[in-house]
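S.K.: Before I ask anything, let me first share the structure, which is written out below as structure tokens.
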Amino acid sequence: MPLNRRKFLKKSAVTGAGVAIAGAAAAPAQAAPKPPKAPQKKRYSLTVMGTTDLHGHVFNWDYFKDAEYKDAAGNAQGLARISTLVNRLRAEKGRHNTLLIDAGDTIQGTPLTYYYAKVDPITAKGGPVHPMAQAMNAIGYDAAALGNHEFNYGIETLRKFESQLRFPLLGANAVDAKTLRPAFPPYVIKTVCPKGAPPVKVAILGLTNPGIAIWDKAYVQGKLAFPGLEEQAAKYVPKLRSLGADVVIVSAHSGSSGTSSYGDQLPYVENAAANVARLVPGIDAILVGHAHVEIPELKVVNEKTGRTVILSEPLAYAERLSVFDIELVREKGRWAVESVSSKVLNSNTVADDPKITRLLSDEHAKVVKYVNQVVGTATATLTTVEARYKDAPIIDLITKVQEDVVKAALAGTAHAALPVIAQASPFSRTSEIPAGDVTIRDLSSLYVYDNTLVAKLMTGAQLRAYLEFSAQYFVQTAPDAAVDVEKLTNAGGRPDYNYDYVSGLSYDIDIAQPAGSRIRNLTYQGAALDDAQQFVFAVNNYRANGGGAFPHVAAAQELWAESTEIRTRIAEWVTAKGVLDPKDFASVDWKLTRNGTPVF
């Protein structure tokens with residue numbers, strides 16, 4: 001029904017009032033608009049990949065067995081595998097969002113590295129580029145720390161290797177012995193550029209092992225010094241932050257256990273990586289090396305800041321790749337690390353990168369040919385399978401060679417008339433020299449380290465203490481307890497290479513007794529050992545310089561030393577003999593007993 005004028009005006013007034021009221025209520029919202037949304041914080045994800053203790057492993061190849069590398073755990077080795085893992089991560093994360101670093105021990109450890117240090121040396125005029133330099137350059141490393149084994153072939157070889165790298169070799173605590181100035185670059189700062197955001201500065205500080213001063217004393221004494229990791233990190237980390245580093249990564253050739261194999265011979269800790277994280281503020285992550293253990297992620301709280309530092313150690317020989325994922329946020333005009341996590345990737349999950357295979361197949365073939373040279377004939381098979389707990393002829397071969405070399409070296413000197421005895425360790429549990437043709441690789445597998453020979457002057461009393469220390473390797477075993485050879489050795493975690501035979505003396509090791517009172521019936525030439533008698537002790541340079549912290553030997557007078565590897569001396573000895581016959585070197589000098597009764 002149509003509205004009349006009075007109803008229309010009345011209705012209009014009510015409606016108008018409603019509009020007016022609504023307008024009045026809405027007015028303040030229009031006068032004070034909603035505050036603008038806070039801008040989203042810029043975030044950035046950086047991935048840092050790391051290897052360590054590569055020890056000359058380019059391919060998944062065992063030069064000692066002349067076959068693909070295999071172990072019971074199904075591991076694979078070699079930079080060619082690592083290259084594949086790195087390529088995958090770079091494709092996933094973006095090449096510009098990743099860095100690749102190493103924590104040292106690169107140019108020693110396989111016949112490949114020996115060949116290019118000694119047989120076809122990189123130091124020769126017009127010499128080759130080291131295969132490890134070729135591989136690491138091709139993969140695209142950003143930095144590497146010095147390892148202690150970098151010094152095994154002398155400073156000239158190390159410097160040549162360094163010159164062949166397309167990335168810096170870092171060592172903040174490798175300093176000139178006279179000036180104490182850095183002998184190698186202490187750090188490098190890499191700039192990464194996130195898309196649409198300011199650049200991120202990533203500092204990589206390199207730290208090496210103080211033990212170099214002991215282990216490679218012959219090369220570094222008077223030339224280089226190696227102060228502690230904690231002290232040098234405390235010096236450099238604040239400097240890196242003052243230079244604008246948004247992220248500080250340490251690449252440390254030092255384990256995380258806080259222990260030292262050289263006892264108190266140095267005032268610096270050998271395995272100091274966790275100490276660095278705990279004591280030095282301003283570090284975000286540490287790539288750990290040296291200890292040859294696998295640590296996917298270790299969290300250490302810094303005592304001064306309360307912040308958590310992430311440590312990771314990939315397994316040696318390129319069996320693992322550590323991966324640090326670092327999350328950053330842009331705050332107050334600068335980048336801040338929000339979180340760090342780490343993990344390890346297994347190189348047995350991928351195949352070799354064909355680029356690395358093509359690059360180094362020729363060098364690999366040369367070394368395979370070299371190690372398969374026949375140098376003699378063995379009349380019997382010799383093996384290290386039982387060498388940890390029985391006097392094995394294959395270890396007697398090492399001591400015999402060392403005795404002969406030292407006797408020849410001291411002929412005509414004032415000490416020529418002294419008796420020469422020697423030490424050797426069961427380095428490997430799987431070495432074998434088969435009956436028949438003997439090759440360089442057979443002999444190399446027996447002596448896997450590039451140690452050299454030293455002659456020290458020792459007394460009977462000192463040798464007795466030396467043997468007691470060595471005998472700590474055995475687990476105390478009651479006279480009536482069952483003997484399990486798998487549980488008989490490595491007491492206190494002592495590795496096989498820190499258990500020594502000593503030739504020329506006869507003795508029993510009574511494992512029923514506590515450590516320190518196990519050596520019984522110690523004689524020389526059938527008579528009780530005279531504590532005052534002097535001996536020439538033929539010993540490897542690692543032990544002579546204090547490696548393993550054996551008593552007296554490091555401080556003993558040095559009569560002679562050389563730079564030729566013991567491995568080479570063994571090959572020369574066998575080559576000269578032509579026939580490797582145990583009757584020429586084997587003797588039973590020691591045995592395990594329990595209260596006088598032989599264990600075996």
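We label chains A, B, ... in the order they appear in the structure tokens, count residues from 1 in each chain, and number ligands from 1 in the order shown.
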Segment 189-233 of chain A near segment 168-180 of chain A within 6 Å: what's each residue's closest atom pair and its distance in Å to one decimal, counting only C-alpha atoms, ordered by chain then ascending residue number, as CSV?
M.R.:
residue,atom,partner,partner_atom,distance
A:Gly206,CA,A:Leu170,CA,4.7
A:Leu207,CA,A:Gly171,CA,4.9
A:Thr208,CA,A:Gly171,CA,5.8
A:Gly222,CA,A:Ala177,CA,5.8
A:Lys223,CA,A:Ala177,CA,5.0
A:Leu224,CA,A:Ala177,CA,4.4
A:Ala225,CA,A:Ala177,CA,4.9
A:Phe226,CA,A:Ala174,CA,5.0
A:Pro227,CA,A:Asn173,CA,5.5
S.K.: Go ahead and save the picked residues with C-alpha atoms, as a CSV table (one decimal), in the first residue's frame.
M.R.:
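So the final result, stored in selection-v2.csv, reads:
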chain,number,residue,atom,x,y,z
A,206,GLY,CA,91.4,-22.2,10.3
A,207,LEU,CA,93.1,-23.9,13.3
A,208,THR,CA,95.6,-26.7,13.2
A,222,GLY,CA,113.1,-23.4,14.6
A,223,LYS,CA,110.9,-22.5,11.7
A,224,LEU,CA,107.3,-22.7,12.8
A,225,ALA,CA,105.5,-22.7,16.1
A,226,PHE,CA,102.0,-24.0,16.9
A,227,PRO,CA,100.3,-22.2,19.9
S.K.: Where does DSSP see alpha helix (DSSP H) in segment 77-197 of chain A, if you list the residues as a JSON list (two decimals) with C-alpha atoms, in the first residue's frame?
M.R.:
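Output (states.json):
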[["chain", "number", "residue", "atom", "x", "y", "z"],
["A", 79, "LEU", "CA", 86.45, -37.32, -3.09],
["A", 80, "ALA", "CA", 84.75, -38.50, -6.27],
["A", 81, "ARG", "CA", 81.80, -39.61, -4.10],
["A", 82, "ILE", "CA", 81.89, -36.42, -2.05],
["A", 83, "SER", "CA", 81.74, -34.43, -5.28],
["A", 84, "THR", "CA", 78.43, -36.09, -6.14],
["A", 85, "LEU", "CA", 76.98, -35.26, -2.72],
["A", 86, "VAL", "CA", 78.18, -31.66, -3.00],
["A", 87, "ASN", "CA", 76.67, -31.29, -6.47],
["A", 88, "ARG", "CA", 73.31, -32.53, -5.18],
["A", 89, "LEU", "CA", 73.26, -30.10, -2.28],
["A", 90, "ARG", "CA", 74.27, -27.20, -4.49],
["A", 91, "ALA", "CA", 71.46, -28.05, -6.91],
["A", 92, "GLU", "CA", 68.98, -28.28, -4.03],
["A", 93, "LYS", "CA", 70.06, -25.18, -2.09],
["A", 111, "PRO", "CA", 100.20, -44.63, -2.07],
["A", 112, "LEU", "CA", 98.68, -41.93, -4.28],
["A", 113, "THR", "CA", 99.92, -39.17, -1.99],
["A", 114, "TYR", "CA", 103.28, -40.89, -1.46],
["A", 131, "PRO", "CA", 95.92, -35.04, -7.47],
["A", 132, "MET", "CA", 94.34, -33.77, -4.25],
["A", 133, "ALA", "CA", 94.75, -30.18, -5.44],
["A", 134, "GLN", "CA", 93.23, -31.09, -8.81],
["A", 135, "ALA", "CA", 90.24, -32.82, -7.19],
["A", 136, "MET", "CA", 89.55, -30.15, -4.58],
["A", 137, "ASN", "CA", 89.89, -27.35, -7.11],
["A", 138, "ALA", "CA", 87.50, -29.11, -9.48],
["A", 139, "ILE", "CA", 84.94, -29.68, -6.73],
["A", 155, "ILE", "CA", 107.58, -27.55, 4.21],
["A", 156, "GLU", "CA", 108.67, -27.36, 0.55],
["A", 157, "THR", "CA", 106.11, -29.97, -0.49],
["A", 158, "LEU", "CA", 103.43, -28.30, 1.60],
["A", 159, "ARG", "CA", 104.13, -24.88, 0.11],
["A", 160, "LYS", "CA", 104.02, -26.29, -3.41],
["A", 161, "PHE", "CA", 100.69, -27.96, -2.68],
["A", 162, "GLU", "CA", 99.41, -24.68, -1.24],
["A", 163, "SER", "CA", 100.43, -22.84, -4.41],
["A", 164, "GLN", "CA", 98.44, -25.31, -6.52]]
S.K.: Report the closest atom pair, with its distance in Å rounded to one decimal, for each residue of segment 167-251 of chain A that has an atom no farther than 9 Å from segment 41-56 of chain A; count only C-alpha atoms, sort by chain and then rising residue number, and write it as CSV.
M.R.:
residue,atom,partner,partner_atom,distance
A:Val192,CA,A:Leu46,CA,8.7
A:Pro194,CA,A:Tyr44,CA,6.8
A:Ala197,CA,A:Lys42,CA,7.2
A:Val200,CA,A:Tyr44,CA,9.0
A:Ile249,CA,A:Val48,CA,8.9
A:Ser251,CA,A:Gly50,CA,8.7
S.K.: Leaving out segment 258-270 of chain A and any residue of its chain fewer than 6 positions from it, which residues lie within 6 Å of it when counting only C-alpha atoms, given as a ChimeraX atom specification?
M.R.: /A:228,546-549
S.K.: Kindly export the residues of the current selection with N, CA, C and O atoms, as a short mmCIF file (atom, residue, chain, number, x, y, z; two decimals), in the first residue's frame.
M.R.:
data_model
loop_
_atom_site.label_atom_id
_atom_site.label_comp_id
_atom_site.auth_asym_id
_atom_site.auth_seq_id
_atom_site.Cartn_x
_atom_site.Cartn_y
_atom_site.Cartn_z
N GLY A 228 98.28 -22.79 21.10
CA GLY A 228 97.01 -23.48 21.34
C GLY A 228 95.85 -22.93 20.54
O GLY A 228 95.81 -21.75 20.19
N GLY A 546 107.73 -38.03 20.69
CA GLY A 546 106.78 -37.99 21.80
C GLY A 546 105.39 -38.49 21.49
O GLY A 546 104.52 -38.48 22.36
N GLY A 547 105.13 -38.92 20.26
CA GLY A 547 103.83 -39.45 19.91
C GLY A 547 103.47 -40.67 20.74
O GLY A 547 104.25 -41.62 20.82
N GLY A 548 102.29 -40.62 21.36
CA GLY A 548 101.87 -41.71 22.24
C GLY A 548 102.29 -41.52 23.68
O GLY A 548 101.90 -42.29 24.55
N ALA A 549 103.12 -40.51 23.93
CA ALA A 549 103.57 -40.15 25.29
C ALA A 549 104.31 -41.28 25.99
O ALA A 549 104.25 -41.41 27.22
#
S.K.: Write out as a PDB file with C-alpha atoms, in the first residue's frame the residues lying within 7 Å of Ile394 of chain A, counting only C-alpha atoms and excluding same-chain residues fewer than 3 positions away.
M.R.:
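Saved file result06.pdb follows:
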ATOM      1  CA  LEU A 382     103.036 -63.427   6.797  1.00  0.00           C
ATOM      2  CA  THR A 383     100.056 -61.756   8.438  1.00  0.00           C
ATOM      3  CA  THR A 384      99.163 -59.265  11.191  1.00  0.00           C
ATOM      4  CA  LEU A 397     110.473 -57.867   9.707  1.00  0.00           C
TER       5      LEU A 397
END
S.K.: Contacts between segment 370-373 of chain A and segment 37-123 of chain A, please, where a residue of segment 37-123 of chain A counts if it comes within 12 Å (with only C-alpha atoms); show its shortest atom pair and distance in Å to one decimal, rows by chain and ascending number, as a tab-separated table.
M.R.:
residue	atom	partner	partner_atom	distance
A:Asp62	CA	A:Val371	CA	11.1
A:Tyr63	CA	A:Val371	CA	7.3
A:Phe64	CA	A:Val371	CA	7.9
A:Lys65	CA	A:Asn372	CA	9.9
A:Asp66	CA	A:Asn372	CA	8.1
A:Ala67	CA	A:Asn372	CA	11.8
A:Thr110	CA	A:Val371	CA	10.8
A:Pro111	CA	A:Val371	CA	7.4
A:Leu112	CA	A:Val371	CA	9.5
A:Tyr114	CA	A:Val371	CA	10.7
A:Tyr115	CA	A:Tyr370	CA	8.3
A:Tyr116	CA	A:Tyr370	CA	11.5
A:Val119	CA	A:Tyr370	CA	9.2
A:Asp120	CA	A:Tyr370	CA	10.8
S.K.: Might you pull out every residue within 7 Å of Glu294 of chain A, with only C-alpha atoms counted and same-chain residues fewer than 2 positions away left off, and present them as a list in words?
M.R.: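 The residues that qualify are His292, Pro296, Glu313, Pro314 and Leu315 of chain A.
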